[in-house]
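Source file: upload12.pdb (PDB, C-alpha atoms)
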MODEL        1
ATOM      1  CA  MET N   1    -135.011  11.777 -69.344
ATOM      2  CA  SER N   2    -134.831   9.752 -72.522
ATOM      3  CA  LEU N   3    -138.103   8.163 -73.581
ATOM      4  CA  TRP N   4    -136.340   4.812 -73.781
ATOM      5  CA  LEU N   5    -135.336   5.023 -70.140
ATOM      6  CA  VAL N   6    -138.884   6.041 -69.168
ATOM      7  CA  ILE N   7    -140.387   3.032 -70.947
ATOM      8  CA  LEU N   8    -137.755   0.718 -69.517
ATOM      9  CA  LEU N   9    -138.476   1.950 -65.973
ATOM     10  CA  ALA N  10    -142.250   1.794 -66.536
ATOM     11  CA  GLY N  11    -141.716  -1.794 -67.662
ATOM     12  CA  LEU N  12    -139.622  -2.584 -64.599
ATOM     13  CA  LEU N  13    -142.305  -1.124 -62.315
ATOM     14  CA  THR N  14    -144.910  -3.306 -64.022
ATOM     15  CA  TYR N  15    -142.646  -6.325 -63.751
ATOM     16  CA  GLY N  16    -142.120  -5.515 -60.077
ATOM     17  CA  THR N  17    -145.864  -5.650 -59.369
ATOM     18  CA  ARG N  18    -146.100  -8.960 -61.221
ATOM     19  CA  LEU N  19    -143.141 -10.415 -59.359
ATOM     20  CA  SER N  20    -144.009  -8.934 -55.946
ATOM     21  CA  PHE N  21    -145.960 -11.637 -54.146
ATOM     22  CA  ILE N  22    -144.512 -14.496 -56.186
ATOM     23  CA  LEU N  23    -141.238 -13.740 -54.407
ATOM     24  CA  LEU N  24    -142.628 -12.340 -51.155
ATOM     25  CA  LEU N  25    -145.491 -14.607 -50.137
ATOM     26  CA  GLU N  26    -143.267 -17.439 -48.911
ATOM     27  CA  ARG N  27    -140.906 -15.088 -47.104
ATOM     28  CA  ILE N  28    -143.260 -12.813 -45.223
ATOM     29  CA  LYS N  29    -145.863 -13.781 -42.686
ATOM     30  CA  VAL N  30    -149.283 -12.708 -43.932
ATOM     31  CA  PRO N  31    -152.439 -12.769 -41.829
ATOM     32  CA  ASP N  32    -154.764 -15.708 -42.263
ATOM     33  CA  TRP N  33    -157.541 -13.656 -43.894
ATOM     34  CA  PHE N  34    -155.067 -12.595 -46.578
ATOM     35  CA  ARG N  35    -154.448 -16.181 -47.610
ATOM     36  CA  ARG N  36    -158.134 -17.005 -47.497
ATOM     37  CA  GLY N  37    -158.886 -13.897 -49.559
ATOM     38  CA  LEU N  38    -156.673 -15.122 -52.418
ATOM     39  CA  ARG N  39    -159.361 -17.613 -53.370
ATOM     40  CA  PHE N  40    -161.630 -14.721 -54.359
ATOM     41  CA  VAL N  41    -159.095 -12.840 -56.492
ATOM     42  CA  PRO N  42    -160.002 -14.329 -59.896
ATOM     43  CA  ALA N  43    -163.774 -14.020 -59.407
ATOM     44  CA  ALA N  44    -163.505 -10.477 -58.043
ATOM     45  CA  VAL N  45    -160.964  -8.974 -60.455
ATOM     46  CA  LEU N  46    -162.344 -10.594 -63.587
ATOM     47  CA  SER N  47    -165.942  -9.688 -62.696
ATOM     48  CA  ALA N  48    -164.818  -6.120 -62.057
ATOM     49  CA  ILE N  49    -163.420  -6.150 -65.612
ATOM     50  CA  ILE N  50    -166.389  -7.948 -67.205
ATOM     51  CA  LEU N  51    -169.404  -5.858 -66.181
ATOM     52  CA  PRO N  52    -167.902  -2.408 -66.945
ATOM     53  CA  GLU N  53    -166.775  -3.823 -70.337
ATOM     54  CA  LEU N  54    -170.288  -5.048 -71.114
ATOM     55  CA  ALA N  55    -171.787  -1.803 -69.870
ATOM     56  CA  THR N  56    -169.496   0.314 -72.055
ATOM     57  CA  TYR N  57    -171.099   0.633 -75.448
ATOM     58  CA  ASN N  58    -169.901   3.129 -78.063
ATOM     59  CA  THR N  59    -167.284   4.274 -75.522
ATOM     60  CA  THR N  60    -169.835   5.447 -72.943
ATOM     61  CA  LEU N  61    -171.365   3.747 -69.939
ATOM     62  CA  ASP N  62    -174.800   2.589 -71.086
ATOM     63  CA  LEU N  63    -176.815   0.617 -68.545
ATOM     64  CA  SER N  64    -180.040   1.051 -70.476
ATOM     65  CA  LEU N  65    -181.934  -1.749 -72.179
ATOM     66  CA  ARG N  66    -180.720  -0.433 -75.534
ATOM     67  CA  ASN N  67    -177.193  -1.705 -74.901
ATOM     68  CA  PRO N  68    -177.009  -5.005 -76.849
ATOM     69  CA  GLN N  69    -173.839  -6.070 -75.023
ATOM     70  CA  LEU N  70    -175.822  -6.516 -71.802
ATOM     71  CA  TYR N  71    -178.133  -9.074 -73.452
ATOM     72  CA  ALA N  72    -175.262 -10.839 -75.185
ATOM     73  CA  GLY N  73    -173.338 -10.890 -71.894
ATOM     74  CA  ALA N  74    -176.336 -12.306 -70.006
ATOM     75  CA  LEU N  75    -176.676 -15.055 -72.591
ATOM     76  CA  ALA N  76    -172.943 -15.789 -72.325
ATOM     77  CA  VAL N  77    -173.281 -16.131 -68.529
ATOM     78  CA  LEU N  78    -176.083 -18.640 -69.072
ATOM     79  CA  VAL N  79    -174.124 -20.628 -71.664
ATOM     80  CA  ALA N  80    -170.964 -20.616 -69.515
ATOM     81  CA  TRP N  81    -172.963 -21.813 -66.523
ATOM     82  CA  ARG N  82    -174.696 -24.644 -68.406
ATOM     83  CA  THR N  83    -171.871 -25.827 -70.681
ATOM     84  CA  LYS N  84    -168.599 -24.735 -68.946
ATOM     85  CA  ASN N  85    -167.298 -24.417 -72.519
ATOM     86  CA  VAL N  86    -165.157 -21.383 -73.404
ATOM     87  CA  LEU N  87    -165.575 -21.586 -77.165
ATOM     88  CA  LEU N  88    -169.348 -22.086 -77.003
ATOM     89  CA  THR N  89    -169.649 -19.135 -74.626
ATOM     90  CA  ILE N  90    -167.697 -16.865 -76.968
ATOM     91  CA  LEU N  91    -169.627 -18.023 -80.026
ATOM     92  CA  ALA N  92    -173.023 -17.595 -78.339
ATOM     93  CA  GLY N  93    -172.123 -14.143 -76.999
ATOM     94  CA  MET N  94    -170.703 -12.937 -80.317
ATOM     95  CA  ALA N  95    -173.627 -14.322 -82.322
ATOM     96  CA  ALA N  96    -176.110 -12.683 -79.947
ATOM     97  CA  LEU N  97    -174.322  -9.338 -80.153
ATOM     98  CA  LEU N  98    -174.124  -9.335 -83.957
ATOM     99  CA  LEU N  99    -177.739 -10.444 -84.267
ATOM    100  CA  ILE N 100    -179.088  -7.806 -81.875
ATOM    101  CA  GLN N 101    -176.981  -5.122 -83.543
ATOM    102  CA  ALA N 102    -178.338  -6.163 -86.932
ATOM    103  CA  ILE N 103    -181.931  -6.064 -85.686
ATOM    104  CA  LEU N 104    -181.409  -2.675 -84.024
ATOM    105  CA  GLY N 105    -179.734  -1.447 -87.211
ATOM    106  CA  MET N 106    -182.752  -2.442 -89.287
ATOM    107  CA  ALA N 107    -185.096  -0.899 -86.742
ATOM    108  CA  ASN N 108    -183.247   2.404 -87.020
ATOM    109  CA  ILE N 109    -183.549   2.488 -90.810
TER
ATOM    110  CA  MET H   1    -151.657 -35.812 -58.760
ATOM    111  CA  ILE H   2    -152.348 -35.960 -62.444
ATOM    112  CA  SER H   3    -149.516 -37.586 -64.343
ATOM    113  CA  THR H   4    -148.645 -35.766 -67.511
ATOM    114  CA  THR H   5    -145.638 -34.413 -69.393
ATOM    115  CA  PRO H   6    -144.220 -30.879 -69.639
ATOM    116  CA  LYS H   7    -144.936 -30.835 -73.360
ATOM    117  CA  HIS H   8    -148.534 -31.919 -72.832
ATOM    118  CA  GLU H   9    -149.110 -29.231 -70.189
ATOM    119  CA  PHE H  10    -147.431 -26.565 -72.333
ATOM    120  CA  LEU H  11    -149.651 -27.392 -75.309
ATOM    121  CA  ARG H  12    -152.775 -27.439 -73.148
ATOM    122  CA  GLY H  13    -151.936 -23.976 -71.849
ATOM    123  CA  ALA H  14    -151.345 -22.735 -75.375
ATOM    124  CA  ARG H  15    -154.600 -24.274 -76.591
ATOM    125  CA  ASP H  16    -156.659 -22.861 -73.711
ATOM    126  CA  GLU H  17    -155.193 -19.415 -74.359
ATOM    127  CA  ALA H  18    -156.107 -19.563 -78.053
ATOM    128  CA  PRO H  19    -159.720 -18.258 -78.010
ATOM    129  CA  ILE H  20    -158.771 -15.092 -76.145
ATOM    130  CA  LEU H  21    -156.198 -14.256 -78.837
ATOM    131  CA  LEU H  22    -159.085 -13.304 -81.101
ATOM    132  CA  GLY H  23    -159.744 -10.411 -78.753
ATOM    133  CA  VAL H  24    -156.096  -9.614 -78.001
ATOM    134  CA  ALA H  25    -154.706  -9.435 -81.555
ATOM    135  CA  PRO H  26    -156.924  -6.517 -82.656
ATOM    136  CA  PHE H  27    -155.802  -4.545 -79.598
ATOM    137  CA  GLY H  28    -152.170  -5.219 -80.471
ATOM    138  CA  LEU H  29    -152.795  -3.999 -84.016
ATOM    139  CA  ILE H  30    -154.515  -0.858 -82.785
ATOM    140  CA  PHE H  31    -151.764  -0.221 -80.244
ATOM    141  CA  GLY H  32    -149.075  -0.472 -82.923
ATOM    142  CA  ALA H  33    -150.944   1.921 -85.210
ATOM    143  CA  LEU H  34    -151.735   4.324 -82.356
ATOM    144  CA  ALA H  35    -148.121   4.399 -81.159
ATOM    145  CA  VAL H  36    -146.806   5.252 -84.615
ATOM    146  CA  ASN H  37    -149.493   7.917 -84.995
ATOM    147  CA  ALA H  38    -148.345   9.418 -81.680
ATOM    148  CA  SER H  39    -144.929   9.828 -83.384
ATOM    149  CA  ILE H  40    -143.317   7.154 -81.238
ATOM    150  CA  ALA H  41    -140.289   5.691 -83.034
ATOM    151  CA  VAL H  42    -140.854   2.193 -84.421
ATOM    152  CA  PRO H  43    -138.333   0.370 -82.201
ATOM    153  CA  LEU H  44    -139.659   2.143 -79.101
ATOM    154  CA  ALA H  45    -143.264   1.266 -79.969
ATOM    155  CA  GLN H  46    -142.280  -2.391 -80.183
ATOM    156  CA  ALA H  47    -140.208  -2.075 -76.994
ATOM    157  CA  MET H  48    -143.294  -0.825 -75.157
ATOM    158  CA  SER H  49    -145.005  -4.126 -75.926
ATOM    159  CA  ALA H  50    -141.926  -6.048 -74.784
ATOM    160  CA  PHE H  51    -141.106  -4.030 -71.631
ATOM    161  CA  ILE H  52    -144.549  -3.057 -70.353
ATOM    162  CA  PHE H  53    -146.535  -5.914 -71.949
ATOM    163  CA  ALA H  54    -149.906  -4.676 -70.681
ATOM    164  CA  GLY H  55    -152.494  -3.441 -73.161
ATOM    165  CA  SER H  56    -154.365  -0.728 -71.328
ATOM    166  CA  ALA H  57    -151.227   0.736 -69.735
ATOM    167  CA  GLN H  58    -149.574   0.895 -73.155
ATOM    168  CA  PHE H  59    -152.558   2.678 -74.701
ATOM    169  CA  ILE H  60    -152.479   5.306 -71.977
ATOM    170  CA  ALA H  61    -148.684   5.602 -72.184
ATOM    171  CA  ALA H  62    -148.805   6.126 -75.955
ATOM    172  CA  GLN H  63    -151.385   8.877 -75.527
ATOM    173  CA  LEU H  64    -149.337  10.534 -72.769
ATOM    174  CA  ILE H  65    -146.206  10.430 -74.941
ATOM    175  CA  GLY H  66    -148.182  11.965 -77.797
ATOM    176  CA  ALA H  67    -149.321  14.729 -75.413
ATOM    177  CA  GLY H  68    -145.739  15.356 -74.264
ATOM    178  CA  THR H  69    -146.307  14.345 -70.640
ATOM    179  CA  SER H  70    -143.237  14.190 -68.391
ATOM    180  CA  GLY H  71    -141.460  10.872 -67.915
ATOM    181  CA  LEU H  72    -142.084  10.759 -64.187
ATOM    182  CA  VAL H  73    -145.850  11.171 -64.589
ATOM    183  CA  LEU H  74    -145.869   8.521 -67.295
ATOM    184  CA  MET H  75    -144.095   6.013 -65.068
ATOM    185  CA  MET H  76    -146.457   6.717 -62.178
ATOM    186  CA  VAL H  77    -149.485   6.291 -64.417
ATOM    187  CA  VAL H  78    -148.260   2.979 -65.841
ATOM    188  CA  PHE H  79    -147.443   1.785 -62.327
ATOM    189  CA  VAL H  80    -150.899   2.607 -60.954
ATOM    190  CA  VAL H  81    -152.748   1.203 -63.972
ATOM    191  CA  ASN H  82    -150.808  -2.058 -63.562
ATOM    192  CA  LEU H  83    -151.166  -2.351 -59.780
ATOM    193  CA  ARG H  84    -153.810  -5.048 -60.190
ATOM    194  CA  HIS H  85    -151.010  -7.386 -61.258
ATOM    195  CA  ALA H  86    -149.873  -7.481 -57.623
ATOM    196  CA  LEU H  87    -153.199  -9.171 -56.872
ATOM    197  CA  TYR H  88    -152.549 -11.705 -59.625
ATOM    198  CA  SER H  89    -149.071 -12.215 -58.226
ATOM    199  CA  ALA H  90    -150.451 -13.004 -54.761
ATOM    200  CA  SER H  91    -153.071 -15.255 -56.296
ATOM    201  CA  VAL H  92    -150.616 -17.441 -58.268
ATOM    202  CA  ALA H  93    -147.870 -17.309 -55.614
ATOM    203  CA  PRO H  94    -148.984 -20.460 -53.728
ATOM    204  CA  HIS H  95    -148.952 -22.357 -57.038
ATOM    205  CA  VAL H  96    -145.422 -21.372 -58.036
ATOM    206  CA  GLN H  97    -143.645 -21.331 -54.665
ATOM    207  CA  TYR H  98    -142.003 -24.709 -55.319
ATOM    208  CA  LEU H  99    -140.327 -23.494 -58.492
ATOM    209  CA  SER H 100    -136.760 -22.304 -58.991
ATOM    210  CA  PRO H 101    -136.101 -18.532 -59.018
ATOM    211  CA  GLY H 102    -135.580 -18.741 -62.775
ATOM    212  CA  TRP H 103    -139.087 -20.057 -63.333
ATOM    213  CA  LYS H 104    -140.547 -17.455 -60.972
ATOM    214  CA  PHE H 105    -138.831 -14.586 -62.793
ATOM    215  CA  LEU H 106    -139.978 -15.951 -66.147
ATOM    216  CA  LEU H 107    -143.595 -16.639 -65.174
ATOM    217  CA  ALA H 108    -143.898 -13.246 -63.446
ATOM    218  CA  TYR H 109    -142.992 -11.587 -66.748
ATOM    219  CA  LEU H 110    -145.846 -13.459 -68.450
ATOM    220  CA  LEU H 111    -148.442 -12.597 -65.771
ATOM    221  CA  THR H 112    -150.901 -10.562 -67.863
ATOM    222  CA  ASP H 113    -154.692 -10.309 -67.368
ATOM    223  CA  GLU H 114    -155.360 -12.858 -70.081
ATOM    224  CA  ALA H 115    -152.685 -15.394 -69.123
ATOM    225  CA  TYR H 116    -153.653 -15.063 -65.457
ATOM    226  CA  ALA H 117    -157.366 -15.625 -66.132
ATOM    227  CA  VAL H 118    -156.748 -18.815 -68.103
ATOM    228  CA  THR H 119    -154.010 -20.190 -65.838
ATOM    229  CA  ILE H 120    -155.674 -19.596 -62.452
ATOM    230  CA  THR H 121    -158.922 -21.112 -63.729
ATOM    231  CA  HIS H 122    -157.001 -24.198 -64.792
ATOM    232  CA  TYR H 123    -155.134 -24.374 -61.461
ATOM    233  CA  ASN H 124    -158.316 -24.084 -59.422
ATOM    234  CA  ARG H 125    -160.030 -26.740 -61.497
ATOM    235  CA  GLU H 126    -157.232 -29.292 -61.721
ATOM    236  CA  GLY H 127    -155.539 -29.013 -58.353
ATOM    237  CA  ASP H 128    -151.904 -30.020 -58.165
ATOM    238  CA  ALA H 129    -150.351 -31.394 -61.304
ATOM    239  CA  THR H 130    -146.610 -31.979 -61.411
ATOM    240  CA  TYR H 131    -145.895 -29.898 -64.487
ATOM    241  CA  LYS H 132    -148.529 -27.231 -64.098
ATOM    242  CA  HIS H 133    -145.951 -24.442 -64.481
ATOM    243  CA  TRP H 134    -145.576 -25.622 -68.059
ATOM    244  CA  TYR H 135    -149.265 -24.886 -68.560
ATOM    245  CA  PHE H 136    -148.675 -21.320 -67.314
ATOM    246  CA  LEU H 137    -145.681 -21.023 -69.665
ATOM    247  CA  GLY H 138    -147.713 -22.303 -72.625
ATOM    248  CA  ALA H 139    -150.555 -19.865 -71.991
ATOM    249  CA  GLY H 140    -148.205 -16.958 -71.229
ATOM    250  CA  LEU H 141    -145.895 -17.449 -74.224
ATOM    251  CA  THR H 142    -148.838 -17.839 -76.590
ATOM    252  CA  LEU H 143    -150.220 -14.510 -75.449
ATOM    253  CA  TRP H 144    -146.765 -12.885 -75.506
ATOM    254  CA  THR H 145    -146.088 -14.003 -79.081
ATOM    255  CA  THR H 146    -149.486 -12.771 -80.253
ATOM    256  CA  TRP H 147    -149.033  -9.419 -78.521
ATOM    257  CA  GLN H 148    -145.567  -8.824 -80.008
ATOM    258  CA  ALA H 149    -146.597  -9.958 -83.494
ATOM    259  CA  SER H 150    -149.831  -7.962 -83.564
ATOM    260  CA  THR H 151    -148.007  -4.863 -82.296
ATOM    261  CA  ALA H 152    -145.457  -5.244 -85.115
ATOM    262  CA  LEU H 153    -148.230  -5.717 -87.663
ATOM    263  CA  GLY H 154    -150.030  -2.624 -86.381
ATOM    264  CA  ILE H 155    -146.826  -0.608 -86.591
ATOM    265  CA  PHE H 156    -146.079  -1.598 -90.168
ATOM    266  CA  ILE H 157    -149.456  -1.911 -91.842
ATOM    267  CA  GLY H 158    -151.590   0.172 -89.504
ATOM    268  CA  ALA H 159    -154.905  -0.966 -88.088
ATOM    269  CA  GLN H 160    -157.635  -1.314 -90.643
ATOM    270  CA  LEU H 161    -160.294  -3.226 -88.809
ATOM    271  CA  PRO H 162    -163.919  -3.053 -89.802
ATOM    272  CA  GLN H 163    -165.643  -0.760 -87.306
ATOM    273  CA  ASP H 164    -168.734  -2.861 -86.822
ATOM    274  CA  TRP H 165    -166.911  -6.134 -86.152
ATOM    275  CA  PRO H 166    -166.624  -6.004 -82.383
ATOM    276  CA  LEU H 167    -163.732  -8.419 -81.755
ATOM    277  CA  GLY H 168    -162.925  -6.661 -78.513
ATOM    278  CA  PHE H 169    -166.082  -8.240 -77.152
ATOM    279  CA  VAL H 170    -164.236 -11.576 -77.117
ATOM    280  CA  LEU H 171    -162.329 -10.451 -74.009
ATOM    281  CA  PRO H 172    -165.254 -10.044 -71.588
ATOM    282  CA  LEU H 173    -166.884 -13.144 -73.101
ATOM    283  CA  THR H 174    -163.787 -15.239 -72.425
ATOM    284  CA  PHE H 175    -163.591 -13.924 -68.869
ATOM    285  CA  ILE H 176    -167.268 -14.828 -68.400
ATOM    286  CA  ALA H 177    -166.545 -18.349 -69.652
ATOM    287  CA  LEU H 178    -163.694 -18.660 -67.150
ATOM    288  CA  VAL H 179    -165.346 -17.058 -64.113
ATOM    289  CA  VAL H 180    -168.924 -18.357 -64.173
ATOM    290  CA  PRO H 181    -168.193 -22.121 -63.885
ATOM    291  CA  ALA H 182    -165.844 -21.354 -60.963
ATOM    292  CA  LEU H 183    -168.617 -19.726 -58.899
ATOM    293  CA  LYS H 184    -169.472 -22.800 -56.886
ATOM    294  CA  ASP H 185    -170.354 -21.361 -53.482
ATOM    295  CA  LYS H 186    -172.226 -18.405 -52.032
ATOM    296  CA  ALA H 187    -169.037 -16.574 -51.036
ATOM    297  CA  SER H 188    -167.549 -16.591 -54.562
ATOM    298  CA  VAL H 189    -170.838 -15.490 -56.087
ATOM    299  CA  ALA H 190    -171.024 -12.640 -53.562
ATOM    300  CA  ALA H 191    -167.426 -11.646 -54.356
ATOM    301  CA  ALA H 192    -168.086 -11.669 -58.109
ATOM    302  CA  VAL H 193    -171.410  -9.801 -58.028
ATOM    303  CA  THR H 194    -170.168  -7.139 -55.607
ATOM    304  CA  ALA H 195    -166.972  -6.586 -57.580
ATOM    305  CA  ALA H 196    -168.925  -6.316 -60.839
ATOM    306  CA  LEU H 197    -171.373  -3.748 -59.440
ATOM    307  CA  VAL H 198    -168.681  -1.681 -57.719
ATOM    308  CA  GLY H 199    -166.707  -1.870 -60.958
ATOM    309  CA  VAL H 200    -169.558  -0.152 -62.789
ATOM    310  CA  LEU H 201    -170.099   2.404 -60.014
ATOM    311  CA  THR H 202    -166.399   3.324 -59.983
ATOM    312  CA  PHE H 203    -166.131   3.291 -63.775
ATOM    313  CA  ASP H 204    -165.187   6.995 -63.809
ATOM    314  CA  PHE H 205    -162.273   6.632 -61.386
ATOM    315  CA  PRO H 206    -158.986   7.514 -63.077
ATOM    316  CA  LEU H 207    -156.238   5.049 -63.995
ATOM    317  CA  LYS H 208    -158.208   1.871 -63.350
ATOM    318  CA  THR H 209    -158.284   2.645 -59.622
ATOM    319  CA  GLY H 210    -162.006   1.817 -59.768
ATOM    320  CA  LEU H 211    -161.080  -1.706 -60.849
ATOM    321  CA  LEU H 212    -158.745  -2.039 -57.887
ATOM    322  CA  ALA H 213    -161.371  -0.738 -55.456
ATOM    323  CA  ALA H 214    -163.976  -3.075 -56.927
ATOM    324  CA  ALA H 215    -161.636  -6.075 -56.666
ATOM    325  CA  PHE H 216    -160.803  -5.334 -53.020
ATOM    326  CA  ILE H 217    -164.426  -4.777 -52.022
ATOM    327  CA  GLY H 218    -165.367  -7.992 -53.852
ATOM    328  CA  ILE H 219    -162.667  -9.995 -52.047
ATOM    329  CA  LEU H 220    -163.708  -8.552 -48.672
ATOM    330  CA  THR H 221    -167.343  -9.401 -49.395
ATOM    331  CA  GLY H 222    -166.320 -12.964 -50.225
ATOM    332  CA  LEU H 223    -164.440 -13.223 -46.926
ATOM    333  CA  LEU H 224    -167.373 -11.795 -44.960
ATOM    334  CA  VAL H 225    -169.908 -14.133 -46.545
ATOM    335  CA  GLU H 226    -167.623 -17.096 -46.010
ATOM    336  CA  GLY H 227    -167.246 -16.215 -42.327
ATOM    337  CA  LYS H 228    -164.553 -17.312 -39.927
ATOM    338  CA  PRO H 229    -163.203 -20.839 -40.430
ATOM    339  CA  LYS H 230    -164.098 -23.117 -37.532
TER
ENDMDL
END
Encoding of this model in structure tokens:
Amino acid sequence: MSLWLVILLAGLLTYGTRLSFILLLERIKVPDWFRRGLRFVPAAVLSAIILPELATYNTTLDLSLRNPQLYAGALAVLVAWRTKNVLLTILAGMAALLLIQAILGMANI
Amino acid sequence: MISTTPKHEFLRGARDEAPILLGVAPFGLIFGALAVNASIAVPLAQAMSAFIFAGSAQFIAAQLIGAGTSGLVLMMVVFVVNLRHALYSASVAPHVQYLSPGWKFLLAYLLTDEAYAVTITHYNREGDATYKHWYFLGAGLTLWTTWQASTALGIFIGAQLPQDWPLGFVLPLTFIALVVPALKDKASVAAAVTAALVGVLTFDFPLKTGLLAAAFIGILTGLLVEGKPK
């Protein structure tokens, strides 16, 4: 099979998952809990992306207190909660990460 | 109903998507460079970003192509890695059901992690605005343009990013900024915390299936905590 065809089909499969419920949800009858569950999709999926990302440091899972991303992430949660401001959250998290990395870097030397 | 114009909504979507681009562009650059290094022809590398349009799936696909994996396996892998988009699809479906088929087909194409995160947060915060699909389009097209352009740049100039400048960290930070203010009741907090913890526990699962499991367990936990509606 040509690589072009493979990529095209892989793209169509991806598109199919993205299109699936947008087309289906109004046509099929879904149980009530399914509709109520939709409310939790953003919180659940994004949180399931966030914590493993924070916990992965130098490409390995590091849940120890030496992982600076965990502190920076915790600070970002606090800032997001208090300010509801995306840019401030990013800036605070990034600044915390760079600062902690710099301090740890100095400590290692 | 909030009265506004399509243009206004489009620009708001584009503006709200902007911060996350800082995290997305480096990944596009790296993907472009990685694809060329895996001896993928230049037009095909760019086509991967246009057809698949999903960062992690493209990274895995490029590596599989480099390793000479069969086409069927590659398609299966991409499909499984991108299954979470069906959840996004279900989640935005109630918001787009009034639109014409053309809009649905277009917005579905733009339904990436990053566009979804920004758009659904906006929808849940603002309720029903007349032109809210234009917001989705603004956010989605902004991300699409950045992804295509950064892929092209990565293909042609390669990725030379300073190692100790962790721009990728912008992604989880943006998601934090979007999720945390939306956790307004016990059930959503339970859904988020459970999903996050299961996500770490299932970190080793292949092909992002851990992410799917974590999302489902989080959603179920939310439903359980919420209890039956009276």
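Residues of chain H lying within 6 Å of chain N, counting only C-alpha atoms, are Phe51, Ile52, Gly71, Met75, Phe79, His85, Ala86, Ser89, Ala90, Ser91, Ala93, Ala108, Pro172, Leu173, Ala177, Val179, Val180, Pro181, Ala191, Ala192, Ala195, Ala196, Gly199, Val200, Leu211, Ala215, Gly218 and Ile219 of chain H.
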Next, write the just-selected residues to a file, as a PDB file, in the frame of the given file, keeping C-alpha atoms as the atom set.
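Here's the written file part.pdb:
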ATOM      1  CA  PHE H  51    -141.106  -4.030 -71.631  1.00  0.00           C
ATOM      2  CA  ILE H  52    -144.549  -3.057 -70.353  1.00  0.00           C
ATOM      3  CA  GLY H  71    -141.460  10.872 -67.915  1.00  0.00           C
ATOM      4  CA  MET H  75    -144.095   6.013 -65.068  1.00  0.00           C
ATOM      5  CA  PHE H  79    -147.443   1.785 -62.327  1.00  0.00           C
ATOM      6  CA  HIS H  85    -151.010  -7.386 -61.258  1.00  0.00           C
ATOM      7  CA  ALA H  86    -149.873  -7.481 -57.623  1.00  0.00           C
ATOM      8  CA  SER H  89    -149.071 -12.215 -58.226  1.00  0.00           C
ATOM      9  CA  ALA H  90    -150.451 -13.004 -54.761  1.00  0.00           C
ATOM     10  CA  SER H  91    -153.071 -15.255 -56.296  1.00  0.00           C
ATOM     11  CA  ALA H  93    -147.870 -17.309 -55.614  1.00  0.00           C
ATOM     12  CA  ALA H 108    -143.898 -13.246 -63.446  1.00  0.00           C
ATOM     13  CA  PRO H 172    -165.254 -10.044 -71.588  1.00  0.00           C
ATOM     14  CA  LEU H 173    -166.884 -13.144 -73.101  1.00  0.00           C
ATOM     15  CA  ALA H 177    -166.545 -18.349 -69.652  1.00  0.00           C
ATOM     16  CA  VAL H 179    -165.346 -17.058 -64.113  1.00  0.00           C
ATOM     17  CA  VAL H 180    -168.924 -18.357 -64.173  1.00  0.00           C
ATOM     18  CA  PRO H 181    -168.193 -22.121 -63.885  1.00  0.00           C
ATOM     19  CA  ALA H 191    -167.426 -11.646 -54.356  1.00  0.00           C
ATOM     20  CA  ALA H 192    -168.086 -11.669 -58.109  1.00  0.00           C
ATOM     21  CA  ALA H 195    -166.972  -6.586 -57.580  1.00  0.00           C
ATOM     22  CA  ALA H 196    -168.925  -6.316 -60.839  1.00  0.00           C
ATOM     23  CA  GLY H 199    -166.707  -1.870 -60.958  1.00  0.00           C
ATOM     24  CA  VAL H 200    -169.558  -0.152 -62.789  1.00  0.00           C
ATOM     25  CA  LEU H 211    -161.080  -1.706 -60.849  1.00  0.00           C
ATOM     26  CA  ALA H 215    -161.636  -6.075 -56.666  1.00  0.00           C
ATOM     27  CA  GLY H 218    -165.367  -7.992 -53.852  1.00  0.00           C
ATOM     28  CA  ILE H 219    -162.667  -9.995 -52.047  1.00  0.00           C
TER      29      ILE H 219
END
**Q.** Within 10 Å of Phe156 of chain H using all atoms listed in the file, minus same-chain residues under 4 positions, as a count of residues only
**A.** 8
**Q.** Residue list as a ChimeraX atom specification for point (-150.2, 0.8, -65.0), cut-off 8 Å, all atoms listed in the file
**A.** /N:14 /H:54,56-57,76-83,207
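Distances to Gly28 of chain H were evaluated for H:Leu143, H:Ala117, H:Ala14, H:Leu106 using only C-alpha atoms, and the minimum falls at H:Leu143.
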Q) Applied to the shown file, which residues does the PyMOL selection byres ((chain H and resi 116) around 9) return, written as an MDAnalysis selection string? A) (chainID N and resid 42) or (chainID H and resid 88 92 110:115 117:121 136 139:140)
Residues from the last selection, C-alpha atoms, saved as a PDB file, in the frame of the given file:
ATOM      1  CA  PRO N  42    -160.002 -14.329 -59.896  1.00  0.00           C
TER       2      PRO N  42
ATOM      3  CA  TYR H  88    -152.549 -11.705 -59.625  1.00  0.00           C
ATOM      4  CA  VAL H  92    -150.616 -17.441 -58.268  1.00  0.00           C
ATOM      5  CA  LEU H 110    -145.846 -13.459 -68.450  1.00  0.00           C
ATOM      6  CA  LEU H 111    -148.442 -12.597 -65.771  1.00  0.00           C
ATOM      7  CA  THR H 112    -150.901 -10.562 -67.863  1.00  0.00           C
ATOM      8  CA  ASP H 113    -154.692 -10.309 -67.368  1.00  0.00           C
ATOM      9  CA  GLU H 114    -155.360 -12.858 -70.081  1.00  0.00           C
ATOM     10  CA  ALA H 115    -152.685 -15.394 -69.123  1.00  0.00           C
ATOM     11  CA  ALA H 117    -157.366 -15.625 -66.132  1.00  0.00           C
ATOM     12  CA  VAL H 118    -156.748 -18.815 -68.103  1.00  0.00           C
ATOM     13  CA  THR H 119    -154.010 -20.190 -65.838  1.00  0.00           C
ATOM     14  CA  ILE H 120    -155.674 -19.596 -62.452  1.00  0.00           C
ATOM     15  CA  THR H 121    -158.922 -21.112 -63.729  1.00  0.00           C
ATOM     16  CA  PHE H 136    -148.675 -21.320 -67.314  1.00  0.00           C
ATOM     17  CA  ALA H 139    -150.555 -19.865 -71.991  1.00  0.00           C
ATOM     18  CA  GLY H 140    -148.205 -16.958 -71.229  1.00  0.00           C
TER      19      GLY H 140
END
